[in-house]
Structures are given as structure tokens and as C-alpha cells.
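Asks: Structure file run.cif (mmCIF, C-alpha atoms) right here:
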data_model
#
loop_
_atom_site.group_PDB
_atom_site.id
_atom_site.type_symbol
_atom_site.label_atom_id
_atom_site.label_comp_id
_atom_site.auth_asym_id
_atom_site.auth_seq_id
_atom_site.Cartn_x
_atom_site.Cartn_y
_atom_site.Cartn_z
ATOM 1 C CA MET B 25 20.514 -28.446 0.611
ATOM 2 C CA PHE B 26 18.812 -25.464 2.240
ATOM 3 C CA THR B 27 21.853 -23.285 1.482
ATOM 4 C CA ASN B 28 21.722 -24.249 -2.196
ATOM 5 C CA ILE B 29 18.023 -23.382 -2.384
ATOM 6 C CA THR B 30 18.589 -20.037 -0.659
ATOM 7 C CA SER B 31 21.518 -19.138 -2.923
ATOM 8 C CA THR B 32 19.366 -19.953 -5.958
ATOM 9 C CA ILE B 33 16.643 -17.640 -4.665
ATOM 10 C CA VAL B 34 19.268 -14.912 -4.219
ATOM 11 C CA ILE B 35 20.458 -15.255 -7.797
ATOM 12 C CA PHE B 36 16.978 -15.111 -9.288
ATOM 13 C CA SER B 37 15.893 -12.302 -6.942
ATOM 14 C CA TYR B 38 17.980 -9.969 -9.100
ATOM 15 C CA LEU B 39 15.525 -10.555 -11.932
ATOM 16 C CA ILE B 40 12.848 -8.780 -9.881
ATOM 17 C CA LEU B 41 14.345 -5.472 -11.008
ATOM 18 C CA PRO B 42 14.198 -5.918 -14.797
ATOM 19 C CA LEU B 43 10.845 -7.698 -14.410
ATOM 20 C CA TYR B 44 9.390 -4.734 -12.550
ATOM 21 C CA PHE B 45 10.848 -2.441 -15.212
ATOM 22 C CA ILE B 46 8.878 -4.317 -17.869
ATOM 23 C CA LEU B 47 5.651 -4.685 -15.893
ATOM 24 C CA SER B 48 5.592 -1.028 -14.872
ATOM 25 C CA LYS B 49 5.887 -0.021 -18.533
ATOM 26 C CA ALA B 50 8.774 2.231 -17.682
ATOM 27 C CA ARG B 51 10.290 4.476 -20.293
ATOM 28 C CA LEU B 52 13.956 4.658 -21.207
ATOM 29 C CA LYS B 53 14.073 8.255 -20.019
ATOM 30 C CA ASP B 54 13.378 7.001 -16.480
ATOM 31 C CA LYS B 55 17.082 6.632 -15.867
ATOM 32 C CA LEU B 56 16.719 5.296 -12.330
ATOM 33 C CA MET B 57 14.581 2.396 -13.543
ATOM 34 C CA VAL B 58 16.964 1.665 -16.408
ATOM 35 C CA LEU B 59 19.930 1.715 -14.040
ATOM 36 C CA LEU B 60 18.311 -0.660 -11.556
ATOM 37 C CA ALA B 61 17.105 -2.974 -14.323
ATOM 38 C CA LEU B 62 20.632 -3.178 -15.746
ATOM 39 C CA TYR B 63 21.997 -3.770 -12.251
ATOM 40 C CA GLY B 64 19.604 -6.704 -11.824
ATOM 41 C CA ILE B 65 20.481 -8.223 -15.197
ATOM 42 C CA LEU B 66 24.241 -7.796 -14.754
ATOM 43 C CA PHE B 67 24.480 -9.293 -11.276
ATOM 44 C CA PHE B 68 22.070 -12.101 -12.101
ATOM 45 C CA ALA B 69 24.287 -12.986 -15.065
ATOM 46 C CA LEU B 70 27.481 -12.806 -13.015
ATOM 47 C CA LEU B 71 26.166 -15.017 -10.225
ATOM 48 C CA PHE B 72 24.477 -17.481 -12.584
ATOM 49 C CA ILE B 73 27.581 -17.883 -14.743
ATOM 50 C CA TYR B 74 29.866 -18.241 -11.737
ATOM 51 C CA ARG B 75 27.656 -20.868 -10.140
ATOM 52 C CA SER B 76 27.398 -22.803 -13.414
ATOM 53 C CA PHE B 77 31.130 -22.692 -14.238
ATOM 54 C CA GLU B 78 32.689 -22.132 -10.825
ATOM 55 C CA SER B 79 35.458 -24.683 -11.327
ATOM 56 C CA HIS B 80 36.560 -22.969 -14.554
ATOM 57 C CA ILE B 81 36.567 -19.368 -13.286
ATOM 58 C CA PRO B 82 39.517 -17.992 -11.264
ATOM 59 C CA ASN B 83 38.049 -17.121 -7.870
ATOM 60 C CA ASN B 84 40.391 -14.185 -7.268
ATOM 61 C CA TYR B 85 39.414 -12.377 -10.432
ATOM 62 C CA PHE B 86 35.710 -13.060 -10.180
ATOM 63 C CA GLN B 87 35.360 -11.984 -6.556
ATOM 64 C CA GLY B 88 37.545 -8.928 -7.096
ATOM 65 C CA ILE B 89 35.663 -7.763 -10.176
ATOM 66 C CA TYR B 90 32.311 -8.475 -8.495
ATOM 67 C CA THR B 91 33.228 -6.341 -5.483
ATOM 68 C CA LEU B 92 34.471 -3.505 -7.702
ATOM 69 C CA LEU B 93 31.328 -3.513 -9.846
ATOM 70 C CA GLU B 94 29.107 -3.581 -6.762
ATOM 71 C CA TYR B 95 31.000 -0.714 -5.155
ATOM 72 C CA SER B 96 30.873 1.266 -8.402
ATOM 73 C CA PHE B 97 27.102 0.922 -8.643
ATOM 74 C CA PHE B 98 26.473 1.862 -5.010
ATOM 75 C CA SER B 99 28.865 4.820 -5.038
ATOM 76 C CA TYR B 100 27.418 6.078 -8.317
ATOM 77 C CA ILE B 101 23.940 6.184 -6.772
ATOM 78 C CA PHE B 102 25.103 8.528 -4.028
ATOM 79 C CA TRP B 103 27.359 10.525 -6.330
ATOM 80 C CA VAL B 104 24.288 11.368 -8.410
ATOM 81 C CA ASN B 105 22.224 12.089 -5.307
ATOM 82 C CA THR B 106 24.673 14.549 -3.780
ATOM 83 C CA HIS B 107 24.638 18.330 -4.317
ATOM 84 C CA ASN B 108 27.885 19.177 -2.609
ATOM 85 C CA LYS B 109 30.567 19.454 -5.310
ATOM 86 C CA PRO B 110 33.568 18.863 -3.013
ATOM 87 C CA PHE B 111 31.914 15.685 -1.727
ATOM 88 C CA LYS B 112 31.171 14.539 -5.283
ATOM 89 C CA LYS B 113 34.842 15.067 -6.147
ATOM 90 C CA LEU B 114 35.819 13.156 -3.017
ATOM 91 C CA ILE B 115 33.716 10.170 -4.139
ATOM 92 C CA ILE B 116 35.449 10.209 -7.523
ATOM 93 C CA VAL B 117 38.960 10.374 -6.047
ATOM 94 C CA VAL B 118 38.257 7.703 -3.433
ATOM 95 C CA SER B 119 36.657 5.467 -6.072
ATOM 96 C CA LEU B 120 39.706 5.756 -8.336
ATOM 97 C CA LEU B 121 41.996 4.885 -5.434
ATOM 98 C CA PHE B 122 39.793 1.942 -4.487
ATOM 99 C CA SER B 123 39.838 0.684 -8.082
ATOM 100 C CA LEU B 124 43.648 0.830 -8.164
ATOM 101 C CA TYR B 125 43.842 -0.942 -4.831
ATOM 102 C CA GLN B 126 41.421 -3.623 -5.997
ATOM 103 C CA PHE B 127 43.451 -4.251 -9.151
ATOM 104 C CA PHE B 128 46.595 -4.660 -7.060
ATOM 105 C CA TYR B 129 44.817 -6.820 -4.509
ATOM 106 C CA ILE B 130 43.307 -9.373 -6.896
ATOM 107 C CA THR B 131 46.537 -9.740 -8.876
ATOM 108 C CA SER B 132 48.911 -10.079 -5.934
ATOM 109 C CA VAL B 133 46.958 -11.566 -3.018
ATOM 110 C CA LYS B 134 45.621 -15.113 -2.944
ATOM 111 C CA PHE B 135 42.481 -15.573 -0.854
ATOM 112 C CA GLU B 136 40.565 -18.772 -0.202
ATOM 113 C CA ARG B 137 36.948 -17.631 -0.561
ATOM 114 C CA LEU B 138 36.359 -13.863 -0.713
ATOM 115 C CA ASP B 139 38.316 -10.620 -0.947
ATOM 116 C CA SER B 140 37.310 -9.825 2.628
ATOM 117 C CA ILE B 141 39.565 -6.784 3.064
ATOM 118 C CA SER B 142 38.173 -5.135 -0.062
ATOM 119 C CA ILE B 143 34.613 -5.881 1.029
ATOM 120 C CA GLY B 144 35.338 -4.279 4.404
ATOM 121 C CA ILE B 145 36.693 -1.150 2.707
ATOM 122 C CA GLU B 146 33.697 -1.071 0.334
ATOM 123 C CA THR B 147 31.266 -1.284 3.244
ATOM 124 C CA ILE B 148 32.899 1.546 5.199
ATOM 125 C CA LEU B 149 33.076 3.851 2.161
ATOM 126 C CA VAL B 150 29.490 3.228 1.073
ATOM 127 C CA PHE B 151 28.228 3.772 4.621
ATOM 128 C CA ILE B 152 29.992 7.151 4.638
ATOM 129 C CA TYR B 153 28.241 8.070 1.373
ATOM 130 C CA ILE B 154 24.881 6.971 2.812
ATOM 131 C CA PHE B 155 25.287 8.946 6.030
ATOM 132 C CA TYR B 156 26.192 12.041 4.051
ATOM 133 C CA PHE B 157 23.167 11.502 1.798
ATOM 134 C CA PHE B 158 20.895 11.374 4.859
ATOM 135 C CA TYR B 159 22.587 14.447 6.340
ATOM 136 C CA GLU B 160 22.244 16.492 3.154
ATOM 137 C CA PHE B 161 18.653 15.431 2.610
ATOM 138 C CA SER B 162 17.586 16.299 6.168
ATOM 139 C CA LYS B 163 19.455 19.601 6.046
ATOM 140 C CA ASN B 164 18.098 20.859 2.726
ATOM 141 C CA THR B 165 14.604 19.384 2.596
ATOM 142 C CA LYS B 166 11.544 20.718 4.419
ATOM 143 C CA ASP B 167 8.047 19.286 4.800
ATOM 144 C CA VAL B 168 8.999 16.043 3.032
ATOM 145 C CA PHE B 169 9.061 12.639 4.699
ATOM 146 C CA ILE B 170 12.270 10.935 3.692
ATOM 147 C CA TYR B 171 10.540 7.560 3.380
ATOM 148 C CA ASN B 172 8.528 9.060 0.506
ATOM 149 C CA HIS B 173 11.707 9.388 -1.471
ATOM 150 C CA TYR B 174 13.151 6.500 -3.465
ATOM 151 C CA GLY B 175 16.701 7.288 -2.336
ATOM 152 C CA PHE B 176 15.827 6.364 1.231
ATOM 153 C CA TRP B 177 14.828 2.820 0.255
ATOM 154 C CA LEU B 178 17.932 2.340 -1.861
ATOM 155 C CA ALA B 179 20.046 3.444 1.090
ATOM 156 C CA VAL B 180 18.205 1.198 3.567
ATOM 157 C CA GLY B 181 18.518 -1.790 1.239
ATOM 158 C CA ILE B 182 22.256 -1.268 0.877
ATOM 159 C CA MET B 183 22.702 -0.787 4.634
ATOM 160 C CA ILE B 184 20.862 -4.027 5.404
ATOM 161 C CA TYR B 185 22.857 -5.908 2.768
ATOM 162 C CA LEU B 186 26.334 -4.599 3.613
ATOM 163 C CA GLY B 187 25.730 -4.293 7.348
ATOM 164 C CA GLY B 188 24.159 -7.733 7.608
ATOM 165 C CA SER B 189 27.098 -9.435 5.921
ATOM 166 C CA PHE B 190 30.005 -7.233 7.095
ATOM 167 C CA PHE B 191 31.444 -9.358 9.907
ATOM 168 C CA PHE B 192 30.702 -12.627 8.131
ATOM 169 C CA TYR B 193 32.621 -11.540 5.030
ATOM 170 C CA ILE B 194 35.482 -10.154 7.102
ATOM 171 C CA LEU B 195 35.902 -13.506 8.881
ATOM 172 C CA ILE B 196 34.861 -15.872 6.096
ATOM 173 C CA ASN B 197 38.368 -16.963 5.113
ATOM 174 C CA SER B 198 38.988 -18.217 8.666
ATOM 175 C CA LEU B 199 35.707 -20.132 9.072
ATOM 176 C CA ASP B 200 35.172 -23.832 8.420
ATOM 177 C CA GLU B 201 32.588 -25.162 5.976
ATOM 178 C CA ASN B 202 29.904 -25.759 8.606
ATOM 179 C CA GLU B 203 30.227 -22.213 9.919
ATOM 180 C CA VAL B 204 30.087 -20.787 6.405
ATOM 181 C CA ASP B 205 26.904 -22.727 5.668
ATOM 182 C CA LYS B 206 25.364 -21.751 9.007
ATOM 183 C CA PHE B 207 26.014 -18.010 8.880
ATOM 184 C CA GLY B 208 25.990 -17.649 5.098
ATOM 185 C CA THR B 209 22.221 -18.096 5.006
ATOM 186 C CA MET B 210 21.794 -14.820 6.904
ATOM 187 C CA THR B 211 23.744 -12.943 4.249
ATOM 188 C CA TYR B 212 21.516 -14.482 1.570
ATOM 189 C CA VAL B 213 18.442 -13.184 3.386
ATOM 190 C CA ALA B 214 19.992 -9.704 3.624
ATOM 191 C CA GLU B 215 20.731 -9.761 -0.105
ATOM 192 C CA ILE B 216 17.165 -10.780 -0.977
ATOM 193 C CA ILE B 217 15.788 -8.001 1.228
ATOM 194 C CA LYS B 218 18.090 -5.536 -0.530
ATOM 195 C CA ASN B 219 16.765 -6.529 -3.952
ATOM 196 C CA LEU B 220 13.166 -6.273 -2.757
ATOM 197 C CA LEU B 221 13.794 -2.790 -1.359
ATOM 198 C CA PHE B 222 15.442 -1.773 -4.622
ATOM 199 C CA ALA B 223 12.268 -2.827 -6.425
ATOM 200 C CA PHE B 224 10.191 -0.922 -3.863
ATOM 201 C CA SER B 225 12.297 2.175 -4.507
ATOM 202 C CA ILE B 226 11.136 2.060 -8.134
ATOM 203 C CA TYR B 227 7.541 2.006 -6.915
ATOM 204 C CA ILE B 228 8.221 5.022 -4.689
ATOM 205 C CA TYR B 229 9.952 6.769 -7.591
ATOM 206 C CA LYS B 230 6.787 6.449 -9.668
ATOM 207 C CA LYS B 231 4.330 7.167 -6.849
ATOM 208 C CA HIS B 232 6.094 10.332 -5.660
ATOM 209 C CA PRO B 233 7.438 12.149 -8.731
ATOM 210 C CA LEU B 234 10.439 14.322 -8.069
ATOM 211 C CA LYS B 235 8.689 17.487 -9.271
ATOM 212 C CA GLN B 236 6.084 17.117 -6.539
ATOM 213 C CA THR B 237 8.790 16.547 -3.964
ATOM 214 C CA ARG B 238 10.620 19.697 -5.025
ATOM 215 C CA ASN B 239 7.491 21.783 -4.517
ATOM 216 C CA HIS B 240 7.777 21.112 -0.780
ATOM 217 C CA SER B 241 11.385 22.152 -0.547
ATOM 218 C CA LYS B 242 13.388 25.295 -1.110
ATOM 219 C CA LYS B 243 16.392 23.204 -1.929
ATOM 220 C CA ILE B 244 16.545 19.458 -2.381
ATOM 221 C CA PRO B 245 19.433 17.167 -3.303
ATOM 222 C CA ASN B 246 19.554 16.431 -7.004
ATOM 223 C CA LEU B 247 17.882 13.056 -7.189
ATOM 224 C CA ASP B 248 16.813 13.272 -10.817
ATOM 225 C CA MET B 249 18.578 10.579 -12.753
ATOM 226 C CA ASN B 250 17.856 12.491 -15.964
ATOM 227 C CA LEU B 251 20.883 14.635 -15.158
ATOM 228 C CA ILE B 252 23.138 11.691 -15.697
#
Spell out the structure here as C-alpha cells.
Replies:
Amino acid sequence: MFTNITSTIVIFSYLILPLYFILSKARLKDKLMVLLALYGILFFALLFIYRSFESHIPNNYFQGIYTLLEYSFFSYIFWVNTHNKPFKKLIIVVSLLFSLYQFFYITSVKFERLDSISIGIETILVFIYIFYFFYEFSKNTKDVFIYNHYGFWLAVGIMIYLGGSFFFYILINSLDENEVDKFGTMTYVAEIIKNLLFAFSIYIYKKHPLKQTRNHSKKIPNLDMNLI
């Protein structure tokens, strides 16, 4: 019962992002806000539809596509927020290889609950992108507190979400139902925290405009979503 309530909260927590977009009277040219709002709508729809029609949706395909979409969104965030061209190219190449692997995996491997191997690969790759983002930001930015930048809160939210569920998702196909219910609640909490931090990143984005941030730095990573 508690697990069902928590999972419902997780699903509807994604609507925080489009709701904040509306309440903040954001403009379409604020590409970050648009991107996060679309992310909230898309993943709310995916989870809501799957929960409503779970018995009619092939688990392999849904979980595989969900993981690929999630990875694509996270990697795109750090692709945009990276100055180094070789590293940007690396993200593209690795992402293409991961997409090919994921297509092969979901069409040839039968898993009971989740595509745990793919989730493990996703987590490792995204953590690499995050660490490089932190490295580049600290190296190129002066007199700016990183927590005053929206990218920091996006990164922290993703780290809590992926890090908090990493071992559970890796082992989930070997756990019994009681263990899944017991430890699954922790992953729900991590996911809710991630969505709240994503919403907070929008607040930071509006409170600390990028132009002001650039005035304190000789060179800052390109965090302006208008370049998309």
C-alpha cells in the first residue's frame, strides 16, 4: 500500500516541472525551462500510461526505451554545458554506441523487471559527464559560487537519483518481491528529490541570469540554452 502511494507521488512529481514553467510565466525563448517542462510532461506520460496499461505493454520495450530516453536527456544537458569540443564529440559517439547497444539489448535479451545492465552503463556514463562538467566549471570560472548556477542543481539531482538507485537496479532481477518493495521505496524518494532539484534549478536560472554570471568570469562553460 505504502509503495503504491509512493510510486504515485513519483509519477505526479514530474508535473512539478511544467507547473513551475506556467507559474513562473516563462517564455519560450527560455530553452532550459522549455526543456525541463517537456521532460516532466514526457516522463509523467510514460509512467502514467505504463502503470495504467502495464499488462498490455511489453516490459522489455518499455524499460529499454525509457532508459534510452532518460540517458538522452541527461547526456544532452551536459553536452550543451560543455565547452571542450573533443569531449562534446565523445559524448555524441558514446551516445550513438549506447543507443545501438540498447536496441540490441531490448530485442535480444529477456529480463524479468528492468534492463539492469543498461541502467548500470547509463549511470557510469552520466557520472563521467557530470564530473567533467564540475571540472570544467571549476577550472574556467572565477569568483562564482557553483551553487548559484542552475547546472549544479541539475547535476546534484541526477547524482542523487542515479547514485541512490544504482545498486538496487543492478540487483533488482535477483531480488524477491518483498525485497523489491522494501528497497524500492528508497529509489522513489531519490527520484522525487531529483524532480524537486530540477524545479529548483529553474528558480536558480531565473534568479542568477547567465549574463551576470559571465561578468564574474573570464571564461565560463556555455550554459546558455539559447545556443541549442
Asks: Between CA of Leu92 (chain B) and CA of Tyr159 (chain B), what is the spacing in Å?
Replies: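 Those two atoms sit 25.7 Å apart.
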Asks: Near Leu66 (chain B), counting all atoms listed in the file, which residues have an atom at most 9 Å away, once you skip same-chain residues fewer than 5 positions from it, shown as an MDAnalysis selection string?
Replies: chainID B and resid 38 61 71
Asks: Let me know the residues the PyMOL selection byres ((chain B and resi 88) around 12) catches in the file above, as number ranges by chain.
Replies: B: 82-87, 89-95, 122-135, 137-143, 146
Asks: Near region 116-118 of chain B, counting only C-alpha atoms, which residues have an atom at most 12 Å away, once you skip same-chain residues fewer than 6 positions from it, shown as a VMD selection string?
Replies: chain B and resid 95 to 96 99 to 100 102 to 104 109 to 110 124 to 125 145 to 146 148 to 150 152 to 153
Asks: Please, could you write that set of residues out with C-alpha atoms as a PDB file, keeping the file's coordinate frame?
Replies:
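again_32.pdb, written as the output of this step:
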ATOM      1  CA  TYR B  95      31.000  -0.714  -5.155  1.00  0.00           C
ATOM      2  CA  SER B  96      30.873   1.266  -8.402  1.00  0.00           C
ATOM      3  CA  SER B  99      28.865   4.820  -5.038  1.00  0.00           C
ATOM      4  CA  TYR B 100      27.418   6.078  -8.317  1.00  0.00           C
ATOM      5  CA  PHE B 102      25.103   8.528  -4.028  1.00  0.00           C
ATOM      6  CA  TRP B 103      27.359  10.525  -6.330  1.00  0.00           C
ATOM      7  CA  VAL B 104      24.288  11.368  -8.410  1.00  0.00           C
ATOM      8  CA  LYS B 109      30.567  19.454  -5.310  1.00  0.00           C
ATOM      9  CA  PRO B 110      33.568  18.863  -3.013  1.00  0.00           C
ATOM     10  CA  LEU B 124      43.648   0.830  -8.164  1.00  0.00           C
ATOM     11  CA  TYR B 125      43.842  -0.942  -4.831  1.00  0.00           C
ATOM     12  CA  ILE B 145      36.693  -1.150   2.707  1.00  0.00           C
ATOM     13  CA  GLU B 146      33.697  -1.071   0.334  1.00  0.00           C
ATOM     14  CA  ILE B 148      32.899   1.546   5.199  1.00  0.00           C
ATOM     15  CA  LEU B 149      33.076   3.851   2.161  1.00  0.00           C
ATOM     16  CA  VAL B 150      29.490   3.228   1.073  1.00  0.00           C
ATOM     17  CA  ILE B 152      29.992   7.151   4.638  1.00  0.00           C
ATOM     18  CA  TYR B 153      28.241   8.070   1.373  1.00  0.00           C
TER      19      TYR B 153
END
Asks: Here's the selection I'm unsure about, the PyMOL selection byres ((chain B and resi 188-192) around 8); applied to the file above, which residues does it give, as a count of residues only?
Replies: 17
Asks: Which distance in Å separates CA of Ala69 (chain B) and CA of Ser225 (chain B), to one decimal?
Replies: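 Rounded to one decimal, the two atoms are 22.0 Å apart.
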Asks: To one decimal place, how far is CA of Ile217 (chain B) from CA of Ser119 (chain B) in Å?
Replies: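 If I compute the distance from CA of Ile217 (chain B) to CA of Ser119 (chain B), I get 25.9 Å.
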